>>> print(open('upload.tsv').read())   # TSV, C-alpha atoms
chain	number	residue	atom	x	y	z
L	1	PHE	CA	142.57	97.44	171.54
L	2	PHE	CA	140.54	94.99	169.39
L	3	ALA	CA	140.89	91.61	167.69
L	4	PRO	CA	142.84	91.49	164.40
L	5	ALA	CA	141.15	91.20	160.99
L	6	ALA	CA	142.50	90.91	157.45
L	7	CYS	CA	142.54	94.08	155.34
L	8	ILE	CA	144.26	95.48	152.25
L	9	LEU	CA	146.48	98.54	151.83
L	10	ILE	CA	145.04	101.18	149.50
L	11	SER	CA	147.28	104.12	150.40
L	12	LEU	CA	150.80	104.35	151.74
L	13	LEU	CA	152.77	107.48	152.66
L	14	SER	CA	156.22	105.96	152.68
L	15	ASP	CA	158.20	109.18	153.14
L	16	ILE	CA	159.06	108.86	156.84
L	17	LEU	CA	158.68	112.12	158.76
L	18	TYR	CA	160.89	113.19	161.66
L	19	ILE	CA	158.78	114.84	164.38
L	20	GLY	CA	161.52	115.59	166.89
L	21	SER	CA	162.76	114.01	170.11
L	22	GLU	CA	164.06	111.05	168.06
L	23	ARG	CA	160.52	110.06	167.07
L	24	TYR	CA	159.40	109.28	163.53
L	25	THR	CA	155.96	108.81	162.04
L	26	PHE	CA	154.56	106.67	159.21
L	27	CYS	CA	150.99	106.60	157.85
L	28	PHE	CA	148.93	104.32	155.60
L	29	THR	CA	145.29	103.52	154.78
L	30	ILE	CA	143.57	100.13	154.88
L	31	ARG	CA	140.25	98.75	153.64
L	32	ASP	CA	138.27	95.56	154.33
L	33	SER	CA	134.96	96.25	152.54
L	34	PRO	CA	133.59	98.38	149.68
L	35	SER	CA	132.30	101.03	152.07
L	36	TRP	CA	134.78	101.14	154.95
L	37	PHE	CA	138.41	102.24	155.14
L	38	ILE	CA	140.52	103.80	157.87
L	39	ASN	CA	143.85	105.57	158.38
L	40	VAL	CA	146.65	103.99	160.41
L	41	ASN	CA	149.39	106.04	162.12
L	42	SER	CA	152.55	104.83	163.81
L	43	TRP	CA	155.23	106.58	165.84
L	44	GLY	CA	158.52	105.29	167.12
L	45	ARG	CA	162.25	105.10	166.74
L	46	GLU	CA	163.79	105.50	163.30
L	47	ASP	CA	164.79	101.82	163.05
L	48	TYR	CA	161.28	100.61	163.91
L	49	ILE	CA	159.49	103.01	161.53
L	50	LYS	CA	161.90	102.28	158.69
L	51	SER	CA	161.53	98.51	159.18
L	52	LEU	CA	157.74	98.82	159.32
L	53	SER	CA	157.55	100.93	156.17
L	54	GLU	CA	159.63	98.41	154.22
L	55	SER	CA	157.65	95.35	155.35
L	56	PHE	CA	154.69	95.81	153.00
L	57	ARG	CA	153.59	97.60	149.83
L	58	LEU	CA	150.41	98.97	148.29
L	59	GLY	CA	147.98	96.17	147.48
L	60	ASP	CA	149.32	93.80	150.17
L	61	CYS	CA	146.84	92.00	152.41
L	62	VAL	CA	147.79	92.45	156.08
L	63	ILE	CA	146.63	91.62	159.58
L	64	ILE	CA	147.11	94.32	162.24
L	65	GLU	CA	147.30	93.05	165.80
L	66	ASN	CA	146.72	95.21	168.89
L	67	PRO	CA	146.24	98.65	167.35
L	68	LEU	CA	144.87	101.41	169.56
L	69	VAL	CA	141.54	102.83	168.34
L	70	GLN	CA	141.00	106.57	168.66
L	71	THR	CA	138.29	108.95	167.51
L	72	LYS	CA	139.69	111.09	164.74
L	73	GLU	CA	139.51	114.88	164.59
L	74	VAL	CA	138.19	115.21	161.05
L	75	GLU	CA	139.38	118.74	160.26
L	76	LYS	CA	142.84	118.09	161.67
L	77	GLU	CA	143.32	114.46	160.60
L	78	GLU	CA	142.10	114.78	157.01
L	79	LYS	CA	143.95	117.97	156.13
L	80	PHE	CA	146.95	115.90	155.00
L	81	ASN	CA	145.71	112.29	155.27
L	82	PRO	CA	143.22	110.54	152.94
L	83	THR	CA	139.55	111.16	153.65
L	84	THR	CA	138.04	107.98	155.12
L	85	THR	CA	134.54	106.75	155.90
L	86	SER	CA	135.47	105.69	159.44
L	87	SER	CA	135.08	108.07	162.37
L	88	TYR	CA	138.17	106.51	163.94
L	89	LYS	CA	141.87	106.03	163.31
L	90	LEU	CA	144.29	103.29	164.33
L	91	LEU	CA	147.53	103.89	166.21
L	92	LEU	CA	150.40	101.41	166.12
L	93	SER	CA	152.66	100.98	169.12
L	94	GLU	CA	156.22	99.74	168.73
L	95	ASN	CA	155.89	97.65	171.90
L	96	HIS	CA	152.36	96.25	171.49
L	97	SER	CA	151.27	96.30	167.82
L	98	VAL	CA	152.19	93.91	165.02
L	99	VAL	CA	151.57	94.10	161.26
L	100	ARG	CA	151.73	90.75	159.43
L	101	ILE	CA	151.40	89.96	155.74
L	102	TYR	CA	148.25	87.93	155.07
L	103	GLU	CA	147.93	85.46	152.20
L	104	ALA	CA	146.28	86.93	149.09
L	105	ASP	CA	142.52	86.99	149.52
L	106	THR	CA	140.32	87.23	146.41
L	107	ARG	CA	137.63	89.16	148.24
L	108	LEU	CA	140.14	91.71	149.51
L	109	LEU	CA	142.04	91.98	146.22
L	110	SER	CA	138.81	92.88	144.42
L	111	LEU	CA	138.61	96.01	146.60
L	112	LEU	CA	141.66	97.40	144.79
L	113	HIS	CA	139.41	98.03	141.77
L	114	LEU	CA	136.67	99.94	143.64
L	115	PRO	CA	137.19	103.73	143.91
L	116	VAL	CA	136.98	105.21	147.41
L	117	LYS	CA	134.89	108.06	146.00
L	118	ASN	CA	131.71	108.15	143.93
L	119	PRO	CA	132.86	106.73	140.55
L	120	GLN	CA	130.77	109.38	138.75
L	121	ASP	CA	132.34	112.25	140.72
L	122	PHE	CA	135.35	113.15	138.60
L	123	TYR	CA	136.65	115.69	136.11
L	124	SER	CA	137.64	114.72	132.59
L	125	LEU	CA	140.99	116.07	131.45
L	126	GLY	CA	139.16	118.26	128.94
L	127	ASP	CA	137.04	119.75	131.74
L	128	ILE	CA	140.20	120.61	133.69
L	129	VAL	CA	141.74	122.35	130.68
L	130	ALA	CA	138.48	124.16	129.90
L	131	ASN	CA	138.12	125.43	133.49
L	132	GLY	CA	141.73	126.57	133.45
L	133	GLN	CA	143.07	128.57	136.37
L	134	SER	CA	139.70	128.58	138.14
L	135	LEU	CA	140.74	125.10	139.34
L	136	ASP	CA	144.20	126.23	140.49
L	137	GLY	CA	144.87	124.72	143.94
L	138	LYS	CA	141.64	122.67	143.96
L	139	ILE	CA	141.56	119.03	145.09
L	140	ILE	CA	139.41	116.89	142.78
L	141	ASN	CA	138.97	113.36	141.42
L	142	VAL	CA	140.28	112.37	137.99
L	143	LEU	CA	139.62	109.36	135.74
L	144	ALA	CA	142.20	108.91	132.99
L	145	ALA	CA	144.35	106.43	131.08
L	146	ILE	CA	148.13	106.20	131.34
L	147	LYS	CA	149.95	107.43	128.23
L	148	SER	CA	153.51	107.23	129.55
L	149	VAL	CA	155.47	106.94	132.81
L	150	GLY	CA	158.76	108.77	133.09
L	151	GLU	CA	161.88	107.65	134.92
L	152	PRO	CA	162.30	108.93	138.50
L	153	LYS	CA	164.48	112.03	138.63
L	154	TYR	CA	166.58	112.97	141.65
L	155	PHE	CA	167.61	116.46	142.74
L	156	ALA	CA	168.89	118.50	145.67
L	157	THR	CA	167.19	121.62	147.03
L	158	SER	CA	168.95	124.88	147.86
L	159	ASP	CA	169.25	123.74	151.48
L	160	ARG	CA	170.82	120.45	150.30
L	161	ARG	CA	167.78	118.28	151.00
L	162	LYS	CA	167.42	115.42	148.54
L	163	GLY	CA	164.22	115.03	146.57
L	164	HIS	CA	162.74	113.02	143.70
L	165	ARG	CA	159.92	113.32	141.21
L	166	CYS	CA	158.30	111.35	138.42
L	167	GLU	CA	156.26	112.71	135.53
L	168	VAL	CA	153.28	110.68	134.29
L	169	ARG	CA	151.35	111.63	131.18
L	170	LEU	CA	147.59	110.95	131.16
L	171	TYR	CA	145.00	111.01	128.38
L	172	ASP	CA	141.29	110.39	127.80
L	173	ASP	CA	138.71	111.03	125.08
L	174	SER	CA	138.92	114.79	125.61
L	175	GLU	CA	142.70	115.40	125.90
L	176	SER	CA	145.59	113.58	124.24
L	177	SER	CA	148.17	114.50	126.90
L	178	PHE	CA	147.99	115.83	130.47
L	179	THR	CA	150.82	115.90	133.01
L	180	MET	CA	150.67	114.40	136.51
L	181	ILE	CA	153.62	114.78	138.92
L	182	CYS	CA	154.48	112.29	141.69
L	183	TRP	CA	156.74	113.53	144.50
L	184	ASP	CA	156.68	110.87	147.23
L	185	ASN	CA	158.56	107.60	147.06
L	186	GLU	CA	155.53	105.29	147.21
L	187	SER	CA	153.55	106.92	144.39
L	188	ILE	CA	156.73	107.01	142.24
L	189	GLN	CA	157.29	103.27	142.79
L	190	PHE	CA	153.60	102.54	142.25
L	191	ALA	CA	153.58	104.46	138.95
L	192	GLN	CA	156.42	102.32	137.60
L	193	SER	CA	154.00	99.35	137.57
L	194	TRP	CA	151.45	101.11	135.34
L	195	VAL	CA	151.35	99.89	131.73
L	196	PRO	CA	151.00	102.78	129.26
L	197	LYS	CA	147.91	102.69	127.08
L	198	GLU	CA	146.54	99.71	129.02
L	199	THR	CA	146.12	101.08	132.56
L	200	VAL	CA	143.24	103.32	133.68
L	201	ILE	CA	143.41	105.12	137.03
L	202	PHE	CA	140.85	106.79	139.26
L	203	ALA	CA	142.80	109.34	141.32
L	204	SER	CA	140.81	110.60	144.30
L	205	ASP	CA	141.83	113.84	146.00
L	206	ILE	CA	144.52	114.91	143.57
L	207	ARG	CA	145.55	118.57	143.43
L	208	ILE	CA	145.26	120.65	140.27
L	209	ASN	CA	147.67	123.54	139.71
L	210	PHE	CA	148.57	126.01	136.99
L	211	ASP	CA	152.18	125.43	135.99
L	212	LYS	CA	153.68	128.79	135.05
L	213	PHE	CA	156.72	127.16	133.45
L	214	ARG	CA	154.60	124.96	131.15
L	215	ASN	CA	151.81	127.55	130.93
L	216	CYS	CA	149.16	124.86	131.45
L	217	MET	CA	147.25	122.97	134.13
L	218	ILE	CA	148.86	119.91	135.75
L	219	ALA	CA	147.91	117.37	138.44
L	220	THR	CA	150.01	116.75	141.56
L	221	VAL	CA	149.89	113.67	143.77
L	222	ILE	CA	149.57	114.67	147.44
L	223	SER	CA	149.41	112.79	150.75
L	224	LYS	CA	145.59	112.62	150.49
L	225	THR	CA	145.62	110.99	147.04
L	226	ILE	CA	144.40	107.39	146.65
L	227	PHE	CA	144.78	105.58	143.30
L	228	THR	CA	142.35	102.94	142.10
L	229	ILE	CA	143.90	100.94	139.25
L	230	ASN	CA	141.66	99.69	136.42
L	231	PRO	CA	138.43	100.55	138.27
L	232	ASP	CA	135.52	98.13	137.98
L	233	THR	CA	133.03	100.85	137.03
L	234	ALA	CA	130.87	101.73	134.04
L	235	GLU	CA	132.75	105.01	133.54
L	236	ALA	CA	136.13	103.25	133.46
L	237	ASN	CA	134.79	100.65	131.00
L	238	ILE	CA	133.81	103.47	128.63
L	239	LEU	CA	137.36	104.80	128.83
L	240	PHE	CA	138.76	101.29	128.25
L	241	ASN	CA	136.66	101.05	125.09
L	242	PHE	CA	137.95	104.44	123.95
L	243	ILE	CA	141.54	103.23	124.36
L	244	ARG	CA	140.83	100.17	122.22
L	245	GLN	CA	139.00	102.22	119.59
L	246	SER	CA	141.58	104.99	119.27
L	247	PRO	CA	144.63	103.62	117.44
L	248	GLU	CA	145.96	107.11	116.72
L	249	MET	CA	146.36	107.67	120.47
L	250	LEU	CA	146.93	104.08	121.53
L	251	ALA	CA	149.46	102.72	119.08
L	252	LEU	CA	151.71	105.64	118.25
L	253	ASP	CA	153.66	107.89	120.57
L	254	ASP	CA	154.50	111.48	119.69
L	255	GLU	CA	157.90	110.76	118.09
L	256	MET	CA	156.47	107.96	115.98
L	257	ILE	CA	153.62	110.16	114.82
L	258	ASP	CA	156.06	112.87	113.75
L	259	GLN	CA	158.14	110.34	111.82
L	260	TRP	CA	155.07	108.73	110.28
L	261	ARG	CA	153.74	112.08	109.07
L	262	SER	CA	157.08	113.31	107.76
L	263	ASP	CA	157.85	110.18	105.72
L	264	SER	CA	156.58	110.18	102.17
L	265	ILE	CA	155.21	106.75	101.29
L	266	ASN	CA	155.26	105.63	97.68
L	267	LEU	CA	152.15	103.46	97.35
L	268	GLN	CA	153.65	101.66	94.34
L	269	THR	CA	156.32	100.15	96.63
L	270	ILE	CA	153.76	98.44	98.89
L	271	ILE	CA	153.51	94.85	97.61
L	272	ASP	CA	153.13	92.66	100.72
L	273	VAL	CA	149.70	91.04	100.99
L	274	TYR	CA	148.26	90.08	104.40
L	275	THR	CA	145.22	88.33	105.77
L	276	VAL	CA	143.51	89.67	108.89
L	277	GLU	CA	145.01	86.86	110.94
L	278	GLN	CA	148.52	87.66	109.66
L	279	LEU	CA	148.09	91.35	110.51
L	280	LYS	CA	147.08	90.50	114.06
L	281	MET	CA	150.07	88.20	114.47
L	282	LYS	CA	152.45	90.82	113.08
L	283	THR	CA	151.26	93.46	115.53
L	284	LEU	CA	152.07	91.09	118.40
L	285	GLN	CA	155.69	90.75	117.33
L	286	ASN	CA	158.47	92.64	119.15
L	287	GLY	CA	156.57	92.43	122.42
L	288	GLY	CA	153.62	94.33	121.01
L	289	LYS	CA	155.75	97.43	120.24
L	290	PRO	CA	153.72	99.55	117.79
L	291	GLU	CA	156.07	99.81	114.78
L	292	PRO	CA	154.35	101.01	111.58
L	293	PHE	CA	154.30	98.76	108.55
L	294	TYR	CA	152.47	98.79	105.24
L	295	GLY	CA	150.68	96.16	103.22
L	296	ILE	CA	147.67	95.15	101.16
L	297	ILE	CA	144.59	93.36	102.49
L	298	PHE	CA	141.65	91.97	100.51
L	299	ALA	CA	138.63	92.40	102.77
L	300	TYR	CA	135.17	93.87	102.89
L	301	ILE	CA	133.62	96.42	105.24
L	302	THR	CA	131.34	94.72	107.75
L	303	THR	CA	130.67	97.74	109.96
L	304	LEU	CA	130.35	101.35	108.79
L	305	ASN	CA	129.39	103.66	111.62
L	306	ILE	CA	127.40	106.44	109.93
L	307	ASP	CA	124.31	106.07	112.10
L	308	ASN	CA	125.49	108.77	114.52
L	309	GLU	CA	124.73	112.46	114.15
L	310	ALA	CA	126.82	114.28	111.55
L	311	SER	CA	128.80	116.00	114.31
L	312	LYS	CA	130.15	112.60	115.36
L	313	VAL	CA	131.11	111.57	111.83
L	314	ILE	CA	132.63	114.85	110.67
L	315	ARG	CA	135.30	116.32	112.98
L	316	ASN	CA	137.48	119.41	112.82
L	317	ARG	CA	141.22	118.76	112.54
L	318	CYS	CA	144.24	120.95	113.16
L	319	VAL	CA	145.77	122.31	109.95
L	320	LYS	CA	149.26	122.02	111.47
L	321	CYS	CA	149.25	118.38	112.63
L	322	HIS	CA	145.85	116.99	111.41
L	323	TYR	CA	144.93	115.99	114.99
L	324	VAL	CA	141.27	116.19	116.06
L	325	ILE	CA	140.33	119.57	117.59
L	326	ASN	CA	138.81	119.63	121.10
L	327	GLU	CA	135.29	120.91	120.42
L	328	LYS	CA	134.83	122.40	123.90
L	329	THR	CA	138.02	124.49	123.97
L	330	ASN	CA	138.69	124.86	120.22
L	331	THR	CA	142.30	123.87	120.83
L	332	CYS	CA	144.59	121.17	119.51
L	333	SER	CA	145.96	119.34	122.53
L	334	PHE	CA	148.55	117.53	120.39
L	335	CYS	CA	150.55	120.50	119.13
L	336	ASN	CA	149.02	123.07	121.51
L	337	SER	CA	147.68	125.21	118.68
L	338	THR	CA	144.88	127.54	119.78
L	339	ASN	CA	141.95	128.05	117.49
L	340	SER	CA	139.81	131.08	118.05
L	341	LEU	CA	136.39	131.12	116.42
L	342	ASP	CA	136.52	134.91	116.49
L	343	ALA	CA	139.68	135.01	114.42
L	344	GLY	CA	139.56	135.79	110.72
L	345	THR	CA	141.24	132.51	109.77
L	346	VAL	CA	140.72	129.44	111.92
L	347	PRO	CA	143.61	126.95	111.48
L	348	MET	CA	141.42	123.86	111.23
L	349	PHE	CA	139.47	121.98	108.60
L	350	ALA	CA	136.49	119.61	108.52
L	351	SER	CA	137.26	115.94	107.96
L	352	PHE	CA	135.57	112.56	108.05
L	353	ASP	CA	136.30	110.52	111.18
L	354	LEU	CA	134.77	107.05	110.83
L	355	LEU	CA	135.41	103.68	112.46
L	356	VAL	CA	134.99	100.60	110.25
L	357	ASP	CA	135.41	96.83	110.66
L	358	LEU	CA	137.30	94.95	107.93
L	359	THR	CA	136.64	91.21	107.49
L	360	ASP	CA	138.13	88.43	105.40
L	361	HIS	CA	138.05	84.62	105.62
L	362	THR	CA	140.45	84.60	108.60
L	363	GLY	CA	138.81	87.14	110.91
L	364	THR	CA	137.87	90.77	111.52
L	365	LEU	CA	139.87	93.91	112.25
L	366	HIS	CA	137.74	96.06	114.53
L	367	PHE	CA	137.73	99.86	114.80
L	368	CYS	CA	139.87	100.68	111.78
L	369	SER	CA	140.18	104.41	111.19
L	370	LEU	CA	138.73	105.75	107.94
L	371	SER	CA	139.33	109.48	107.79
L	372	ASP	CA	140.42	112.54	105.82
L	373	THR	CA	140.80	112.28	102.02
L	374	ILE	CA	140.86	108.47	102.00
L	375	ALA	CA	137.34	108.47	103.48
L	376	GLU	CA	136.20	110.95	100.84
L	377	GLU	CA	137.52	108.71	98.05
L	378	THR	CA	135.93	105.60	99.64
L	379	LEU	CA	132.50	107.21	100.15
L	380	GLY	CA	132.54	109.17	96.90
L	381	HIS	CA	131.69	112.38	98.73
L	382	THR	CA	133.63	115.35	100.00
L	383	VAL	CA	132.90	116.65	103.50
L	384	ARG	CA	131.03	119.57	101.94
L	385	THR	CA	128.66	117.39	99.89
L	386	GLN	CA	128.37	114.88	102.72
L	387	LYS	CA	126.93	117.56	105.01
L	388	ILE	CA	124.17	118.06	102.46
L	389	VAL	CA	123.53	114.30	102.32
L	390	PHE	CA	123.27	114.08	106.12
L	391	TYR	CA	120.86	117.01	106.14
L	392	ASN	CA	118.60	115.36	103.57
L	393	ILE	CA	118.48	111.96	105.33
L	394	LYS	CA	118.71	112.97	109.01
L	395	MET	CA	115.14	111.80	109.59
L	396	ALA	CA	115.65	108.47	107.85
L	397	THR	CA	116.16	105.11	109.54
L	398	PRO	CA	119.74	103.80	109.87
L	399	SER	CA	119.23	101.34	107.03
L	400	ARG	CA	117.82	104.08	104.78
L	401	LYS	CA	120.83	106.26	105.58
L	402	LYS	CA	123.21	103.63	104.23
L	403	GLN	CA	121.06	103.13	101.13
L	404	ASN	CA	120.96	106.86	100.41
L	405	LEU	CA	124.69	107.24	101.03
L	406	PHE	CA	125.65	104.59	98.49
>>> encode(input="upload.tsv", output="structure tokens")
Amino acid sequence: FFAPAACILISLLSDILYIGSERYTFCFTIRDSPSWFINVNSWGREDYIKSLSESFRLGDCVIIENPLVQTKEVEKEEKFNPTTTSSYKLLLSENHSVVRIYEADTRLLSLLHLPVKNPQDFYSLGDIVANGQSLDGKIINVLAAIKSVGEPKYFATSDRRKGHRCEVRLYDDSESSFTMICWDNESIQFAQSWVPKETVIFASDIRINFDKFRNCMIATVISKTIFTINPDTAEANILFNFIRQSPEMLALDDEMIDQWRSDSINLQTIIDVYTVEQLKMKTLQNGGKPEPFYGIIFAYITTLNIDNEASKVIRNRCVKCHYVINEKTNTCSFCNSTNSLDAGTVPMFASFDLLVDLTDHTGTLHFCSLSDTIAEETLGHTVRTQKIVFYNIKMATPSRKKQNLF
């Protein structure tokens, strides 16, 4: 046994397991530094294990008194438990060990935002889709944003055992929607705290499977999985910026997009005039719920991002839904249309895809989307002629590009 020290819970397997002879087991993972974390196991009567499992939650700071330290058998211990940096494990005894909640510690709380794996060692959602069934059954790391969190669903198996599941939809800059399934009670509860389109997760040791029913790849949370919420890493910051710069994925859910595209808007009926400040205030109404509205703004373009390569300014879009085509897989992840470059007719078309800043006397609207035919009318060029312009000025300086364009 050793002296107690404060630590923070980073993983919790709250589904209590019955191991026979009236003994139950409960496992969790703790961390007290960026580099070191360890698994904790406890066995005992049902009342003790149930009480222990309900006494703390993920992200709580705790002090563990009188645990027994044992050398872990890596192959055996980490088959179902999270992989840890420690060569040991802690065992809790009902008669000798105590777990106490410790007051929130800033140093410990900051550890919740540091992944337990190399922050650069992850698959993008697009990479998973592109690899397809070659990743079936593999355990990998994933960095993604939360698009939506479903309600927990309860069911009974054929042998009358009760179960539950929760479906979470992820997205990143390569895929607009990817399914992740939570099966255990703790991950389901934890997922309910995630804010869609604001939360980024780093999921270490998550299993990838091919779902025959959906005919696509999905992610499944397992007992080895550890979530890092809003990671403090360069890679996560890039994804955060993408969320902020992608209003078509951030502000509108699928049903709203369908309604928005199906409604025919008569431009002559739009008479409300707004300043930038008024637009920002209006978007914050109704608790920030993204409800579409239309108006007129008198502003000038202060940023026009045409300094990138032409491939980053002109994007292929799906003919069916006008969503941007995934360049790696030649598929539309929004409506699941497949585009084959070998086919006689490819159901996609080239379109401008620019981000602009609009400014008036009250402020600036950043990352406004300027795309499709509206961009052609604004720039005075079609995509076809614009490709010729980019070819002629590709060796020019950024300032010369803008001069030649206008």
>>> atom_distance(input="upload.tsv", atom1="CA of Tyr323 in chain L", atom2="CA of Val221 in chain L")
29.3 Å
>>> closest_residue(input="upload.tsv", among="L:Phe190, L:Phe80, L:Phe240, L:Tyr24", to="Ile139 in chain L", atoms="all atoms listed in the file")
L:Phe80
>>> residues_around(input="upload.tsv", residues="range 162-167 of chain L", least_positions_apart="2", cutoff="12 Å", atoms="all atoms listed in the file", output="PyMOL selection string")
chain L and resi 15+146-160+169-170+177-192+218-221
>>> atom_distance(input="upload.tsv", atom1="CA of Glu277 in chain L", atom2="CA of Thr199 in chain L")
25.9 Å
>>> residues_near_point(input="upload.tsv", point="(146.5, 101.0, 167.5)", cutoff="12 Å", atoms="all atoms listed in the file", output="PyMOL selection string")
chain L and resi 1-4+38-43+64-71+88-99
>>> residues_near_point(input="upload.tsv", point="(140.7, 102.2, 155.7)", cutoff="10 Å", atoms="only C-alpha atoms", output="list in words")
Cys7, Ile8, Leu9, Ile10, Ser11, Phe28, Thr29, Ile30, Arg31, Asp32, Ser33, Ser35, Trp36, Phe37, Ile38, Asn39, Val40, Pro82, Thr83, Thr84, Thr85, Ser86, Tyr88, Lys89, Leu90 and Val116 of chain L
>>> residues_around(input="upload.tsv", residues="range 131-134 of chain L", least_positions_apart="2", cutoff="7 Å", atoms="only C-alpha atoms", output="PyMOL selection string")
chain L and resi 127-129+136+210+217
>>> atom_distance(input="upload.tsv", atom1="CA of Lys79 in chain L", atom2="CA of Thr225 in chain L")
11.6 Å
>>> closest_residue(input="upload.tsv", among="L:Ser193, L:Asn215, L:Thr228, L:Thr359", to="Val142 in chain L", atoms="all atoms listed in the file")
L:Thr228
>>> residues_around(input="upload.tsv", residues="range 231-235 of chain L", least_positions_apart="5", cutoff="10 Å", atoms="all atoms listed in the file", output="number ranges by chain")
L: 110-115, 119-120, 122, 143, 199-202, 240
>>> write_last_selection(input="upload.tsv", atoms="C-alpha atoms", output="PDB file, in the coordinates of the input")
ATOM      1  CA  SER L 110     138.810  92.880 144.420  1.00  0.00           C
ATOM      2  CA  LEU L 111     138.610  96.010 146.600  1.00  0.00           C
ATOM      3  CA  LEU L 112     141.660  97.400 144.790  1.00  0.00           C
ATOM      4  CA  HIS L 113     139.410  98.030 141.770  1.00  0.00           C
ATOM      5  CA  LEU L 114     136.670  99.940 143.640  1.00  0.00           C
ATOM      6  CA  PRO L 115     137.190 103.730 143.910  1.00  0.00           C
ATOM      7  CA  PRO L 119     132.860 106.730 140.550  1.00  0.00           C
ATOM      8  CA  GLN L 120     130.770 109.380 138.750  1.00  0.00           C
ATOM      9  CA  PHE L 122     135.350 113.150 138.600  1.00  0.00           C
ATOM     10  CA  LEU L 143     139.620 109.360 135.740  1.00  0.00           C
ATOM     11  CA  THR L 199     146.120 101.080 132.560  1.00  0.00           C
ATOM     12  CA  VAL L 200     143.240 103.320 133.680  1.00  0.00           C
ATOM     13  CA  ILE L 201     143.410 105.120 137.030  1.00  0.00           C
ATOM     14  CA  PHE L 202     140.850 106.790 139.260  1.00  0.00           C
ATOM     15  CA  PHE L 240     138.760 101.290 128.250  1.00  0.00           C
TER      16      PHE L 240
END
>>> closest_residue(input="upload.tsv", among="L:Gly59, L:Lys197, L:Asp172, L:Tyr48", to="Ile226 in chain L", atoms="only C-alpha atoms")
L:Gly59
>>> closest_residue(input="upload.tsv", among="L:Asn81, L:Thr378, L:Ser174, L:Asn241", to="Asn330 in chain L", atoms="all atoms listed in the file")
L:Ser174
>>> closest_residue(input="upload.tsv", among="L:Asp353, L:Asp105, L:Asp205, L:Glu77", to="Asn141 in chain L", atoms="all atoms listed in the file")
L:Asp205
